[in-house]
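Peer 1: Provided herewith: target29.cif, mmCIF, C-alpha atoms.
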```cif
data_structure
#
loop_
_atom_site.label_atom_id
_atom_site.label_comp_id
_atom_site.auth_asym_id
_atom_site.auth_seq_id
_atom_site.Cartn_x
_atom_site.Cartn_y
_atom_site.Cartn_z
CA MET B 1 68.32 -83.82 63.61
CA THR B 2 64.64 -84.62 64.19
CA SER B 3 63.02 -82.61 66.97
CA LEU B 4 60.86 -84.24 69.62
CA MET B 5 58.00 -82.11 68.34
CA ARG B 6 58.36 -83.55 64.83
CA ALA B 7 58.60 -87.09 66.20
CA GLU B 8 55.42 -86.58 68.21
CA ILE B 9 53.62 -85.11 65.21
CA GLY B 10 54.40 -88.39 63.45
CA GLN B 11 53.02 -90.41 66.37
CA GLN B 12 49.55 -88.89 66.03
CA PRO B 13 47.95 -91.51 63.75
CA ASP B 14 48.73 -94.30 66.23
CA ALA B 15 47.80 -92.15 69.23
CA LEU B 16 44.48 -91.27 67.64
CA ARG B 17 43.75 -94.87 66.70
CA ARG B 18 44.37 -96.00 70.29
CA THR B 19 42.27 -93.17 71.69
CA ILE B 20 39.32 -93.67 69.36
CA ASP B 21 39.28 -97.42 69.95
CA ALA B 22 39.41 -96.91 73.71
CA LEU B 23 36.80 -94.16 73.97
CA LEU B 24 34.10 -95.05 71.46
CA PRO B 25 32.75 -97.74 73.83
CA ARG B 26 32.22 -94.96 76.41
CA THR B 27 29.42 -93.21 74.50
CA ALA B 28 26.78 -95.02 76.55
CA ASP B 29 28.40 -93.77 79.79
CA ILE B 30 28.35 -90.22 78.43
CA ALA B 31 24.73 -90.51 77.31
CA LYS B 32 23.61 -91.81 80.71
CA LEU B 33 25.35 -88.99 82.59
CA ALA B 34 24.22 -86.31 80.13
CA ALA B 35 20.58 -87.40 80.27
CA GLU B 36 20.23 -85.32 83.44
CA THR B 37 21.64 -82.17 81.82
CA ARG B 38 20.65 -79.54 79.27
CA GLN B 39 23.86 -77.70 78.44
CA VAL B 40 27.63 -78.16 78.45
CA LEU B 41 30.27 -76.10 80.25
CA PHE B 42 33.87 -76.57 79.08
CA ILE B 43 36.69 -75.89 81.57
CA ALA B 44 40.22 -75.53 80.17
CA ARG B 45 43.31 -73.37 79.61
CA GLY B 46 45.90 -73.04 76.81
CA SER B 47 45.78 -75.60 74.00
CA SER B 48 43.06 -77.42 75.92
CA ASP B 49 40.97 -74.24 75.76
CA ASN B 50 41.36 -74.28 71.97
CA ALA B 51 40.16 -77.89 72.00
CA ALA B 52 37.18 -76.69 74.06
CA VAL B 53 36.32 -74.14 71.36
CA TYR B 54 36.08 -77.03 68.91
CA GLY B 55 33.94 -78.92 71.41
CA ARG B 56 31.62 -75.97 71.84
CA TYR B 57 30.96 -75.53 68.12
CA LEU B 58 30.62 -79.27 67.62
CA VAL B 59 28.11 -79.73 70.46
CA GLU B 60 26.01 -76.75 69.43
CA SER B 61 26.01 -77.41 65.69
CA HIS B 62 25.56 -81.19 65.76
CA ALA B 63 24.19 -82.19 69.18
CA GLY B 64 21.82 -79.27 69.59
CA ARG B 65 22.90 -78.30 73.10
CA LEU B 66 23.97 -74.90 74.34
CA ALA B 67 27.68 -74.99 75.18
CA THR B 68 29.86 -72.34 76.81
CA LEU B 69 33.44 -71.87 78.01
CA ALA B 70 33.98 -71.45 81.74
CA ALA B 71 35.91 -68.61 83.36
CA PRO B 72 37.90 -70.54 86.00
CA SER B 73 38.60 -67.35 87.95
CA ILE B 74 34.93 -67.27 88.98
CA ALA B 75 35.66 -70.46 90.92
CA THR B 76 39.26 -69.96 91.98
CA THR B 77 39.63 -66.20 92.45
CA TYR B 78 36.16 -64.70 92.94
CA ARG B 79 34.99 -67.90 94.64
CA ARG B 80 31.41 -67.29 93.58
CA ARG B 81 29.00 -70.20 93.86
CA LEU B 82 26.68 -70.69 90.88
CA ASP B 83 23.66 -72.89 90.38
CA LEU B 84 24.91 -75.38 87.78
CA SER B 85 22.08 -77.90 87.97
CA GLY B 86 21.34 -79.22 84.49
CA VAL B 87 24.93 -78.58 83.39
CA LEU B 88 27.42 -81.14 82.09
CA ALA B 89 30.85 -79.78 83.09
CA VAL B 90 33.68 -81.05 80.87
CA ALA B 91 37.19 -80.29 82.13
CA ILE B 92 40.07 -80.68 79.68
CA SER B 93 43.73 -80.92 80.69
CA GLN B 94 46.59 -82.77 79.04
CA SER B 95 48.26 -83.74 82.29
CA GLY B 96 45.22 -83.66 84.54
CA LYS B 97 47.43 -81.95 87.12
CA THR B 98 46.62 -78.25 86.61
CA GLU B 99 45.25 -77.29 90.00
CA GLU B 100 43.01 -74.51 88.70
CA ILE B 101 41.22 -76.89 86.31
CA VAL B 102 40.77 -79.57 88.98
CA GLU B 103 39.45 -76.98 91.45
CA THR B 104 37.05 -75.56 88.88
CA LEU B 105 35.64 -79.01 88.07
CA GLU B 106 35.13 -79.66 91.78
CA TRP B 107 33.44 -76.23 92.05
CA ALA B 108 31.12 -77.17 89.19
CA ALA B 109 30.19 -80.43 90.91
CA ALA B 110 29.46 -78.54 94.14
CA GLY B 111 27.10 -76.33 92.14
CA GLY B 112 25.12 -79.33 90.92
CA ALA B 113 26.86 -80.13 87.62
CA ARG B 114 27.55 -83.62 86.36
CA THR B 115 31.24 -83.98 85.50
CA VAL B 116 33.46 -85.36 82.75
CA ALA B 117 37.25 -85.17 82.45
CA VAL B 118 39.26 -85.32 79.23
CA THR B 119 42.92 -85.95 80.03
CA ASN B 120 46.00 -87.89 79.04
CA GLY B 121 46.77 -88.38 82.72
CA GLU B 122 45.28 -91.68 83.83
CA GLY B 123 44.95 -91.64 87.61
CA SER B 124 45.53 -87.87 87.66
CA PRO B 125 43.71 -85.58 90.11
CA LEU B 126 41.39 -84.44 87.30
CA ALA B 127 40.51 -87.97 86.26
CA GLU B 128 39.81 -88.88 89.89
CA ALA B 129 37.59 -85.82 90.39
CA ALA B 130 35.25 -86.59 87.47
CA GLU B 131 32.30 -88.95 87.31
CA VAL B 132 33.35 -90.05 83.81
CA ALA B 133 36.99 -89.81 82.75
CA LEU B 134 37.80 -89.96 79.04
CA ILE B 135 41.48 -90.93 79.11
CA THR B 136 43.30 -90.21 75.86
CA ARG B 137 45.99 -92.59 74.69
CA ALA B 138 48.63 -90.15 73.45
CA GLY B 139 51.48 -91.71 75.41
CA ASP B 140 54.23 -89.57 76.90
CA GLU B 141 54.63 -86.18 75.25
CA LYS B 142 58.05 -84.63 75.87
CA ALA B 143 58.07 -81.55 73.65
CA VAL B 144 56.47 -78.57 75.39
CA PRO B 145 54.20 -77.60 72.43
CA ALA B 146 51.21 -79.94 72.52
CA THR B 147 50.68 -81.99 69.37
CA LYS B 148 49.40 -85.52 69.97
CA THR B 149 47.83 -84.61 73.32
CA TYR B 150 45.87 -81.88 71.53
CA THR B 151 44.58 -83.99 68.65
CA THR B 152 43.64 -86.85 70.97
CA GLN B 153 41.67 -84.33 73.04
CA LEU B 154 39.75 -83.44 69.88
CA ALA B 155 39.09 -87.15 69.36
CA ALA B 156 37.73 -87.42 72.91
CA LEU B 157 35.46 -84.44 72.31
CA SER B 158 34.22 -86.07 69.10
CA VAL B 159 33.28 -89.11 71.19
CA LEU B 160 31.61 -86.78 73.71
CA ALA B 161 29.49 -85.33 70.90
CA LEU B 162 28.50 -88.83 69.78
CA GLY B 163 27.47 -89.61 73.36
CA LEU B 164 25.33 -86.47 73.34
CA GLY B 165 23.50 -87.73 70.25
CA ALA B 166 25.25 -85.69 67.56
CA ASP B 167 23.86 -86.18 64.06
CA VAL B 168 27.17 -87.45 62.65
CA ALA B 169 28.60 -90.76 61.48
CA GLU B 170 30.93 -92.70 63.77
CA ASP B 171 32.73 -94.06 60.71
CA ASP B 172 33.99 -90.53 59.93
CA LEU B 173 35.89 -90.56 63.21
CA ARG B 174 37.34 -94.00 62.54
CA ARG B 175 38.82 -92.73 59.26
CA VAL B 176 40.81 -90.00 60.97
CA PRO B 177 44.07 -91.86 61.85
CA ASP B 178 44.70 -93.13 58.31
CA GLU B 179 43.81 -89.74 56.85
CA ILE B 180 46.30 -87.98 59.12
CA ALA B 181 49.06 -90.45 58.25
CA GLY B 182 48.62 -89.55 54.58
CA LEU B 183 48.31 -85.84 55.38
CA ILE B 184 51.67 -85.76 57.20
CA ALA B 185 53.39 -87.18 54.14
CA ALA B 186 51.51 -84.88 51.76
CA THR B 187 52.34 -81.77 53.81
CA GLU B 188 56.05 -82.52 54.01
CA ALA B 189 56.13 -83.12 50.25
CA ALA B 190 54.16 -79.95 49.44
CA GLU B 191 56.07 -77.38 47.39
CA ALA B 192 54.28 -74.66 49.33
CA LEU B 193 55.80 -75.65 52.69
CA PRO B 194 59.32 -74.21 52.27
CA ARG B 195 57.89 -71.13 50.55
CA ILE B 196 55.54 -70.34 53.42
CA VAL B 197 58.28 -71.05 55.97
CA ASP B 198 60.69 -68.71 54.21
CA ASP B 199 58.05 -65.98 53.94
CA LEU B 200 57.04 -66.20 57.60
CA ALA B 201 60.69 -66.17 58.67
CA GLY B 202 60.87 -62.62 57.33
CA VAL B 203 57.92 -61.14 59.23
CA SER B 204 57.27 -60.29 62.87
CA GLY B 205 53.66 -61.35 63.03
CA ALA B 206 50.63 -62.84 61.34
CA VAL B 207 46.87 -63.11 61.61
CA VAL B 208 45.39 -66.63 61.78
CA SER B 209 41.73 -66.94 60.99
CA GLY B 210 38.96 -69.51 60.64
CA ARG B 211 35.33 -69.74 61.63
CA GLY B 212 32.88 -72.14 63.20
CA ILE B 213 34.19 -75.65 63.74
CA ALA B 214 37.59 -74.56 62.34
CA PHE B 215 37.89 -71.57 64.71
CA GLY B 216 39.60 -73.58 67.44
CA THR B 217 42.20 -74.68 64.87
CA ALA B 218 42.95 -71.03 64.06
CA LEU B 219 43.43 -70.29 67.76
CA GLU B 220 45.65 -73.33 68.25
CA LEU B 221 47.83 -72.53 65.22
CA ALA B 222 48.23 -68.94 66.42
CA LEU B 223 49.25 -70.23 69.86
CA LYS B 224 51.82 -72.59 68.36
CA ILE B 225 53.34 -69.80 66.26
CA LYS B 226 53.65 -67.63 69.35
CA GLU B 227 55.05 -70.22 71.73
CA ALA B 228 57.47 -72.02 69.38
CA CYS B 229 58.45 -69.27 66.91
CA TYR B 230 58.08 -66.13 69.09
CA LEU B 231 56.05 -64.31 66.43
CA HIS B 232 53.06 -62.13 67.21
CA ALA B 233 50.15 -64.22 65.93
CA MET B 234 46.54 -63.16 66.40
CA GLY B 235 43.90 -65.90 66.22
CA LEU B 236 40.51 -64.58 65.16
CA SER B 237 37.21 -65.69 63.73
CA TYR B 238 37.03 -64.21 60.25
CA ALA B 239 33.80 -62.48 61.31
CA ASP B 240 35.70 -60.66 64.08
CA LEU B 241 38.64 -60.02 61.75
CA LEU B 242 36.37 -58.18 59.34
CA HIS B 243 35.07 -55.95 62.15
CA GLY B 244 38.32 -54.00 62.36
CA PRO B 245 41.50 -56.01 62.99
CA ILE B 246 41.86 -56.69 59.25
CA ALA B 247 43.46 -53.25 59.17
CA VAL B 248 46.68 -54.82 60.49
CA VAL B 249 46.95 -57.23 57.54
CA ASP B 250 49.49 -55.94 55.04
CA ALA B 251 52.57 -57.01 53.12
CA ARG B 252 54.46 -57.46 56.42
CA THR B 253 51.59 -59.09 58.32
CA PRO B 254 50.24 -62.03 56.31
CA ALA B 255 47.06 -63.97 56.96
CA LEU B 256 46.92 -67.73 57.53
CA LEU B 257 43.45 -69.04 56.81
CA VAL B 258 42.19 -72.45 57.94
CA ALA B 259 39.09 -74.27 56.74
CA ALA B 260 37.67 -77.71 56.18
CA ASP B 261 37.29 -78.80 52.56
CA SER B 262 33.52 -78.41 52.89
CA GLY B 263 30.97 -76.78 55.15
CA PRO B 264 29.13 -73.48 55.51
CA THR B 265 32.17 -71.39 56.52
CA LEU B 266 34.29 -72.31 53.49
CA PRO B 267 32.86 -69.67 51.09
CA GLY B 268 33.53 -66.91 53.62
CA THR B 269 37.10 -68.11 54.12
CA ILE B 270 37.71 -68.05 50.37
CA ALA B 271 36.22 -64.55 50.15
CA LEU B 272 38.54 -63.41 52.96
CA ALA B 273 41.59 -64.80 51.11
CA GLU B 274 40.56 -62.85 48.02
CA ARG B 275 40.11 -59.67 50.05
CA VAL B 276 43.49 -60.08 51.76
CA ARG B 277 45.29 -60.57 48.46
CA GLY B 278 43.36 -57.71 46.91
CA ALA B 279 44.80 -55.47 49.64
CA GLY B 280 48.33 -56.51 48.66
CA ALA B 281 48.94 -58.88 51.56
CA PRO B 282 49.93 -62.56 51.38
CA ALA B 283 47.26 -65.13 52.25
CA TYR B 284 48.35 -68.67 53.12
CA GLY B 285 45.79 -71.44 53.27
CA VAL B 286 45.60 -74.59 55.34
CA GLY B 287 42.92 -76.94 54.05
CA GLY B 288 39.88 -75.57 52.28
CA GLY B 289 40.32 -77.71 49.18
CA ALA B 290 41.00 -76.36 45.71
CA GLY B 291 38.79 -73.32 46.31
CA LEU B 292 40.87 -71.89 49.15
CA ALA B 293 44.15 -72.94 47.55
CA GLY B 294 43.21 -71.07 44.39
CA ALA B 295 42.40 -67.91 46.33
CA CYS B 296 45.62 -67.93 48.38
CA THR B 297 49.22 -66.98 47.71
CA ALA B 298 50.23 -70.52 48.71
CA ALA B 299 48.45 -73.33 50.53
CA LEU B 300 49.03 -76.54 52.44
CA PRO B 301 46.71 -79.51 52.01
CA GLY B 302 44.01 -80.31 54.53
CA PRO B 303 42.35 -83.59 55.49
CA ALA B 304 39.73 -85.20 53.25
CA LEU B 305 37.30 -85.41 56.16
CA PRO B 306 33.80 -84.07 56.84
CA GLU B 307 33.75 -80.71 58.56
CA TRP B 308 32.80 -82.10 61.97
CA VAL B 309 36.04 -84.10 62.32
CA ALA B 310 38.23 -82.02 59.99
CA PRO B 311 39.92 -80.14 62.91
CA LEU B 312 41.56 -83.40 64.05
CA GLY B 313 43.59 -83.28 60.83
CA LEU B 314 43.45 -79.58 60.01
CA ILE B 315 45.91 -78.61 62.74
CA VAL B 316 48.53 -81.14 61.55
CA PRO B 317 49.87 -79.12 58.56
CA GLY B 318 50.01 -76.17 60.95
CA GLN B 319 52.08 -78.18 63.44
CA ILE B 320 54.50 -79.18 60.68
CA LEU B 321 54.70 -75.57 59.49
CA VAL B 322 55.48 -74.33 63.01
CA GLU B 323 58.14 -76.98 63.62
CA ASN B 324 59.85 -76.12 60.34
CA LEU B 325 59.58 -72.39 60.97
CA ALA B 326 61.08 -72.66 64.46
CA ARG B 327 64.11 -74.51 63.12
CA ARG B 328 64.38 -72.03 60.21
CA LEU B 329 64.57 -69.26 62.82
CA GLY B 330 67.27 -71.11 64.77
CA LEU B 331 64.95 -71.96 67.66
CA ASP B 332 64.42 -75.22 69.52
CA PRO B 333 60.73 -76.08 69.08
CA ASP B 334 60.89 -78.62 71.90
CA VAL B 335 61.71 -76.15 74.66
CA PRO B 336 60.17 -72.69 74.09
CA ARG B 337 61.52 -70.06 76.44
CA GLY B 338 59.57 -69.40 79.60
CA LEU B 339 57.28 -72.43 79.27
CA ASN B 340 56.85 -75.69 81.16
CA LYS B 341 54.89 -78.80 80.27
CA VAL B 342 52.47 -78.31 83.16
CA THR B 343 51.44 -74.70 83.80
CA GLN B 344 49.90 -73.85 87.15
CA THR B 345 47.59 -70.86 87.38
CA THR B 346 45.45 -69.49 90.19
#
```
Translate the structure described by the file into structure tokens.

Peer 2:
Amino acid sequence: MTSLMRAEIGQQPDALRRTIDALLPRTADIAKLAAETRQVLFIARGSSDNAAVYGRYLVESHAGRLATLAAPSIATTYRRRLDLSGVLAVAISQSGKTEEIVETLEWAAAGGARTVAVTNGEGSPLAEAAEVALITRAGDEKAVPATKTYTTQLAALSVLALGLGADVAEDDLRRVPDEIAGLIAATEAAEALPRIVDDLAGVSGAVVSGRGIAFGTALELALKIKEACYLHAMGLSYADLLHGPIAVVDARTPALLVAADSGPTLPGTIALAERVRGAGAPAYGVGGGAGLAGACTAALPGPALPEWVAPLGLIVPGQILVENLARRLGLDPDVPRGLNKVTQTT
């Protein structure tokens, strides 16, 4: 029986195509609003926070603006006012109904920030609170683990970067839906998929690592493994991993390494795979082209996309891996224990 999660993974090419077509015309709105700002503040939680990590690296590396992640508790718990003049505050929420995120965006506006919302919830409180609302076109998402709402958020943040003057090609973004459609088929046909699933079914935890623009993908894959498969998964930049936590990687704690097929962080990811295997631990790759695949114990294909948009496809093999692993473990990936679709925090 097909899970809702797997069905929604398959809906991503169409959801992305709708979202990209709807949002690309908004770049002028973004540029006009951002003209009064110098830096970007991302406000998010959960999977949306992982999307924000992608947004941060993308804005800094390709649009040349300082970008940071907000601590919502400063607004909602400490209730400290900050001078946010010159800041573009970008709040990200799948539903647009998380009260903490709405309150933090309103707090940012009160501090002088200009405001943007990224949400799948048209007419939601978050969309209504923002000056510019980038509404994704994921459609209803019924499985608790975010799949199409997450990748459409990444698409919206790609459009945000274009509106901020990023030195990238719009055509790269337009290629994403077709590339992901092919990647879904290639991943499910990959001989490595059942092998990695079987191996991970026999361990209690894993380390998931990437760097730079792929770092948010590593965090998101680790989150999915935890919430849908109940395994202890640690998401780390490979730079942080090498500063000590690599000590936990062994034959019973494999490493999953994610990377685009090109870009400045790929050589370091390949070197990490070689180090992990040299220590007698399994290393499983997601993306990274032939170089990473050759350095790993087994690998899943990644998208044939430039590094700046690769994360829109790079998470997809990870989603398929997680869905297969959950079912292999006898778990329902659609309804992880203790979780709801909309999480309220204070």

Peer 1: Given the PyMOL selection byres ((chain B and resi 118) around 10) and the file above, list the residues it selects as a list in words.

Peer 2: Ala44, Ser48, Val90, Ala91, Ile92, Ser93, Gln94, Ser95, Gly96, Val116, Ala117, Thr119, Asn120, Gly121, Glu122, Leu126, Ala127, Ala130, Val132, Ala133, Leu134, Ile135, Thr136, Thr152, Gln153, Leu154, Ala156, Leu157 and Leu160 of chain B

Peer 1: On this structure, which residues satisfy the PyMOL selection byres ((chain B and resi 209) around 12), written as a ChimeraX atom specification?

Peer 2: /B:206-208,210-222,233-242,245-246,249,254-259,265-266,268-270,272-273,276,283-286

Peer 1: Would you compute the distance between CA of Leu325 (chain B) and CA of Val197 (chain B)? Give it in Å to one decimal.

Peer 2: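 Computing it gives 5.3 Å between the two atoms.
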
Peer 1: Under the PyMOL selection byres ((chain B and resi 332) around 10), which residues of this model are included? Write them out as a PyMOL selection string.

Peer 2: chain B and resi 3-5+143+228-229+323+326-331+333-337

Peer 1: To one decimal place in Å, what is the distance between CA of Ala251 (chain B) and CA of Leu314 (chain B)?

Peer 2: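 Between CA of Ala251 (chain B) and CA of Leu314 (chain B) the gap is 25.3 Å.
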
Peer 1: Can you pull out the residues contacting region 181-185 of chain B? Cut-off 8 Å, using only C-alpha atoms, and skip same-chain residues under 5 positions away; I want them as a PyMOL selection string.

Peer 2: chain B and resi 10+12-13+301-303+313+316-317+320

Peer 1: So how many Å separate CA of Thr297 (chain B) and CA of Ser262 (chain B), to one decimal?

Peer 2: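 Calculated distance between CA of Thr297 (chain B) and CA of Ser262 (chain B) is 20.1 Å.
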
Peer 1: Do a neighbour search on Ser158 (chain B) at 9 Å with all atoms listed in the file, toss out local chain neighbours closer than 4 positions, and write the hits as a ChimeraX atom specification.

Peer 2: /B:55,58-59,153-154,162-163,173,308-309

Peer 1: For a quick check of understanding, using only C-alpha atoms, which of B:Val144, B:Ala109, B:Ala35, B:Leu305 has the smallest distance to Ile180 (chain B)?

Peer 2: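 The closest residue to Ile180 (chain B) is B:Leu305.
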
Peer 1: Rank nothing, just name the residue among B:Arg65, B:Arg174, B:Lys224, B:His232 nearest to Val40 (chain B), using all atoms listed in the file.

Peer 2: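 With all atoms listed in the file as the atom set, the closest residue is B:Arg65.
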